[in-house]
Amino acid sequence: MRFAVLGAAGQLGRDLCPRLPGEVIPLGRDRADLVDPALLRSTLTNLRPDVFVNCAAYNFVDQAESEPEAAFAVNAWGVRTLATICRDLNCVLAHFSTDYVFGLDAGRRTPYRETDVPGPVSVYGVSKLAGEYFVRAICPRHFVLRTCGLYGVWGSGGKGGNFVETMLRVAAQGKPVRVVNDQFCTPSYTVDVATAAAGLLSTERYGLYHLTNSGSCSWHEFAAAIFEQAGIQADLTPIPSTGYPTPARRPAYSVLSTTAYQSLGLPSLRPWREALAAYLLERRSPIV
Ligand SMILES: NC(=O)c1ccc[n+]([C@@H]2O[C@H](COP(=O)([O-])OP(=O)(O)OC[C@H]3O[C@@H](n4cnc5c(N)ncnc54)[C@H](OP(=O)(O)O)[C@@H]3O)[C@@H](O)[C@H]2O)c1
């Protein structure tokens, strides 16, 4: 099987490429820019992959509030173009999405299933949801894979690193660390999400899936676990979201149920605390 992976140099893409079962063609925006339909079409037509994996996205969650056109150009219109080309070439399209398609239901406290109606609360979330819908509406053979709170050794380009590294850096500087304790999700290790995605993409069980580590926590709880596992005494204080205003609203609760993935009999993703321990080990000696 021949895979073409866009966003191959991103945080998730870097961990996914070596885990895909077959020939892998890593792509960056020089060969496949989501805002350049002609370039996208000519590259895909030349490469003729069996599966096109889109790890690329406009990921500047806060910036998207002031430049919605840029977010939509990549996450919605770019993905629509991609879905059309994949359909025309009879290529499977695997597209990554986000827990930020949820959040409107402020009282929600049980994990969202794939069958739950989304309701984003940010421009980023709306743009990613539009992208999902284009994939599902246009390209019959698709995987839409929603994930959450990613961290991996390659860091996120859009976020300039990852949450774990930010926590360790701030604590190492001896600064107080204030982290919100009223936003709950499942921090997910890119190695685990990539491994699960690679297994799923080896099947023909197309559809919408949630892929995250298991369990859930607040960002404050996650920070506490980082310091505990790293053996660091940090000056950590829980704060409400109102104490850390951001341009984009975040969901208070965006835990994703992985029932659909699990029902396929594929290996479960480990609990988030175990994944964090594996990450802290890997960051000392990268495994890829
Ligand atoms: N990070 C998270 O916490 C998180 C949570 C939930 C879901 N997700 C989703 O997971 C996926 C992977 O995220 P990530 O953290 O790995 O992102 P990332 O590290 O920021 O990587 C994004 C990649 O997209 C590429 N890209 C941006 N605009 C492009 C364009 N116009 N054409 C082609 N490529 C373009 C970037 O290339 P350049 O380096 O050239 O800019 C980069 O390689 C995304 O779909 C994201 O929405 C992420």
# chains A, B, ... in the order shown; residues from 1 in each chain; ligands from 1
>>> residues_near_ligand(ligand="ligand 1", cutoff="6 Å", atoms="only C-alpha atoms and all ligand atoms", output="PyMOL selection string")
chain A and resi 7-13+28-29+32-35+55-59+74+96-99+147-150+156-158
>>> residues_around(residues="Gln173 of chain A", least_positions_apart="5", cutoff="12 Å", atoms="only C-alpha atoms", output="compact mmCIF listing (two decimals) with N, CA and C atoms, in the first residue's frame")
# COMPACT_ATOMS: atom_id res chain seq x y z
N THR A 166 6.31 23.01 27.75
CA THR A 166 6.06 24.34 28.32
C THR A 166 6.08 24.27 29.84
N MET A 167 5.42 23.27 30.40
CA MET A 167 5.39 23.13 31.87
C MET A 167 6.80 22.93 32.42
N LEU A 168 7.56 22.05 31.78
CA LEU A 168 8.92 21.76 32.28
C LEU A 168 9.81 22.99 32.17
N ILE A 232 9.82 16.85 39.78
CA ILE A 232 10.10 18.29 39.93
C ILE A 232 9.15 18.91 40.95
N GLN A 233 9.70 19.71 41.84
CA GLN A 233 8.88 20.48 42.80
C GLN A 233 8.55 21.80 42.13
N ALA A 234 7.32 21.95 41.68
CA ALA A 234 6.96 23.21 41.00
C ALA A 234 5.97 23.99 41.84
N ASP A 235 5.96 25.27 41.64
CA ASP A 235 5.02 26.16 42.32
C ASP A 235 3.75 26.22 41.47
>>> select_by_dssp(residues="segment 30-186 of chain A", states="strand (DSSP E)", output="list in words")
Val51, Phe52, Val53, Asn54, Val92, Leu93, Ala94, His95, Phe96, Ser97, Thr98, His142, Phe143, Val144, Leu145, Arg146, Thr147, Leu150, Tyr151, Val177, Arg178, Val179, Val180, Phe184 and Cys185 of chain A
>>> write_last_selection(atoms="N, CA, C and O atoms", output="compact mmCIF listing (two decimals), in the first residue's frame")
# COMPACT_ATOMS: atom_id res chain seq x y z
N VAL A 51 -3.66 5.69 -0.23
CA VAL A 51 -4.24 6.41 0.90
C VAL A 51 -3.53 7.75 1.05
O VAL A 51 -2.30 7.81 1.07
N PHE A 52 -4.31 8.83 1.13
CA PHE A 52 -3.73 10.15 1.40
C PHE A 52 -4.06 10.50 2.84
O PHE A 52 -5.23 10.52 3.23
N VAL A 53 -3.03 10.76 3.64
CA VAL A 53 -3.25 11.07 5.05
C VAL A 53 -3.00 12.55 5.26
O VAL A 53 -1.91 13.05 4.98
N ASN A 54 -4.01 13.25 5.77
CA ASN A 54 -3.84 14.69 6.01
C ASN A 54 -3.62 14.99 7.48
O ASN A 54 -4.56 15.04 8.28
N VAL A 92 -8.24 6.65 -0.90
CA VAL A 92 -8.77 6.78 0.46
C VAL A 92 -8.21 8.07 1.07
O VAL A 92 -7.03 8.37 0.91
N LEU A 93 -9.06 8.83 1.75
CA LEU A 93 -8.60 10.04 2.44
C LEU A 93 -8.73 9.84 3.95
O LEU A 93 -9.83 9.59 4.46
N ALA A 94 -7.59 9.92 4.64
CA ALA A 94 -7.60 9.88 6.11
C ALA A 94 -7.28 11.28 6.60
O ALA A 94 -6.24 11.84 6.26
N HIS A 95 -8.19 11.84 7.40
CA HIS A 95 -8.09 13.25 7.77
C HIS A 95 -8.19 13.39 9.29
O HIS A 95 -9.11 12.83 9.90
N PHE A 96 -7.27 14.13 9.89
CA PHE A 96 -7.29 14.31 11.34
C PHE A 96 -8.12 15.53 11.73
O PHE A 96 -8.05 16.59 11.10
N SER A 97 -8.89 15.36 12.79
CA SER A 97 -9.69 16.46 13.32
C SER A 97 -9.51 16.53 14.84
O SER A 97 -8.57 15.95 15.38
N THR A 98 -10.40 17.23 15.49
CA THR A 98 -10.12 17.68 16.85
C THR A 98 -11.31 17.57 17.79
O THR A 98 -12.47 17.63 17.35
N HIS A 142 -13.32 7.26 3.31
CA HIS A 142 -12.59 8.20 4.18
C HIS A 142 -12.47 7.69 5.60
O HIS A 142 -13.28 6.87 6.05
N PHE A 143 -11.47 8.18 6.27
CA PHE A 143 -11.37 8.09 7.73
C PHE A 143 -11.30 9.53 8.24
O PHE A 143 -10.46 10.30 7.77
N VAL A 144 -12.15 9.88 9.19
CA VAL A 144 -12.00 11.16 9.90
C VAL A 144 -11.63 10.78 11.33
O VAL A 144 -12.38 10.06 12.00
N LEU A 145 -10.46 11.20 11.76
CA LEU A 145 -9.91 10.77 13.04
C LEU A 145 -9.78 11.97 13.97
O LEU A 145 -8.89 12.80 13.79
N ARG A 146 -10.68 12.04 14.94
CA ARG A 146 -10.60 13.16 15.90
C ARG A 146 -9.66 12.77 17.04
O ARG A 146 -9.79 11.70 17.62
N THR A 147 -8.75 13.68 17.36
CA THR A 147 -7.89 13.44 18.49
C THR A 147 -7.87 14.66 19.40
O THR A 147 -8.64 15.61 19.18
N LEU A 150 -2.69 16.90 21.87
CA LEU A 150 -1.51 16.15 21.42
C LEU A 150 -0.20 16.68 22.00
O LEU A 150 0.01 17.88 22.11
N TYR A 151 0.66 15.76 22.36
CA TYR A 151 2.05 16.11 22.68
C TYR A 151 2.94 15.00 22.16
O TYR A 151 2.60 13.82 22.21
N VAL A 177 3.64 28.45 38.26
CA VAL A 177 2.90 27.87 37.14
C VAL A 177 1.42 27.89 37.50
O VAL A 177 1.01 27.28 38.48
N ARG A 178 0.64 28.61 36.71
CA ARG A 178 -0.81 28.70 36.95
C ARG A 178 -1.52 28.01 35.79
O ARG A 178 -1.33 28.40 34.64
N VAL A 179 -2.31 26.99 36.12
CA VAL A 179 -2.93 26.20 35.05
C VAL A 179 -4.41 26.00 35.33
O VAL A 179 -4.81 25.76 36.48
N VAL A 180 -5.20 26.07 34.28
CA VAL A 180 -6.66 26.00 34.45
C VAL A 180 -7.11 24.63 34.94
O VAL A 180 -6.59 23.59 34.51
N PHE A 184 -11.53 20.07 30.84
CA PHE A 184 -11.20 18.64 30.93
C PHE A 184 -11.11 18.02 29.53
O PHE A 184 -11.97 18.27 28.68
N CYS A 185 -10.05 17.23 29.32
CA CYS A 185 -9.92 16.51 28.05
C CYS A 185 -9.04 15.28 28.31
O CYS A 185 -8.87 14.88 29.47
>>> select_by_dssp(residues="segment 35-264 of chain A", states="alpha helix (DSSP H)", output="MDAnalysis selection string")
chainID A and resid 37:47 68:72 79:88 123:138 163:172 190:201 219:230 259:262
>>> closest_residue(among="A:Tyr100, A:Phe222, A:Tyr253, A:Tyr261", to="Pro238 of chain A", atoms="only C-alpha atoms")
A:Phe222
>>> closest_residue(among="A:Trp219, A:Tyr209, A:Tyr124, A:Phe227", to="Ala171 of chain A", atoms="only C-alpha atoms")
A:Phe227
>>> atom_distance(atom1="atom CA of Ala197 of chain A", atom2="atom CA of Thr110 of chain A")
23.7 Å
>>> atom_distance(atom1="atom CA of Ala224 of chain A", atom2="atom CA of Thr186 of chain A")
14.4 Å
>>> closest_residue(among="A:Pro176, A:Arg19, A:Leu47, A:Thr259", to="Arg31 of chain A", atoms="only C-alpha atoms")
A:Leu47
>>> residues_around(residues="Arg48 of chain A", least_positions_apart="6", cutoff="10 Å", atoms="only C-alpha atoms", output="MDAnalysis selection string")
chainID A and resid 2:4 42 86 89:91
>>> closest_residue(among="A:Gly231, A:Tyr112, A:Ala225, A:Glu204", to="Ala172 of chain A", atoms="only C-alpha atoms")
A:Gly231
>>> residues_around(residues="Asp15 of chain A", least_positions_apart="2", cutoff="7 Å", atoms="only C-alpha atoms", output="PyMOL selection string")
chain A and resi 12-13+17-18+190-191+194
>>> closest_residue(among="A:Asp192, A:Asp36, A:Glu274, A:Asp105", to="Ala73 of chain A", atoms="only C-alpha atoms")
A:Asp36
>>> closest_residue(among="A:Ser268, A:Ser122, A:Ser218, A:Thr43", to="Thr195 of chain A", atoms="only C-alpha atoms")
A:Ser268
>>> atom_distance(atom1="atom CA of Phe72 of chain A", atom2="atom CA of Ser127 of chain A")
5.2 Å
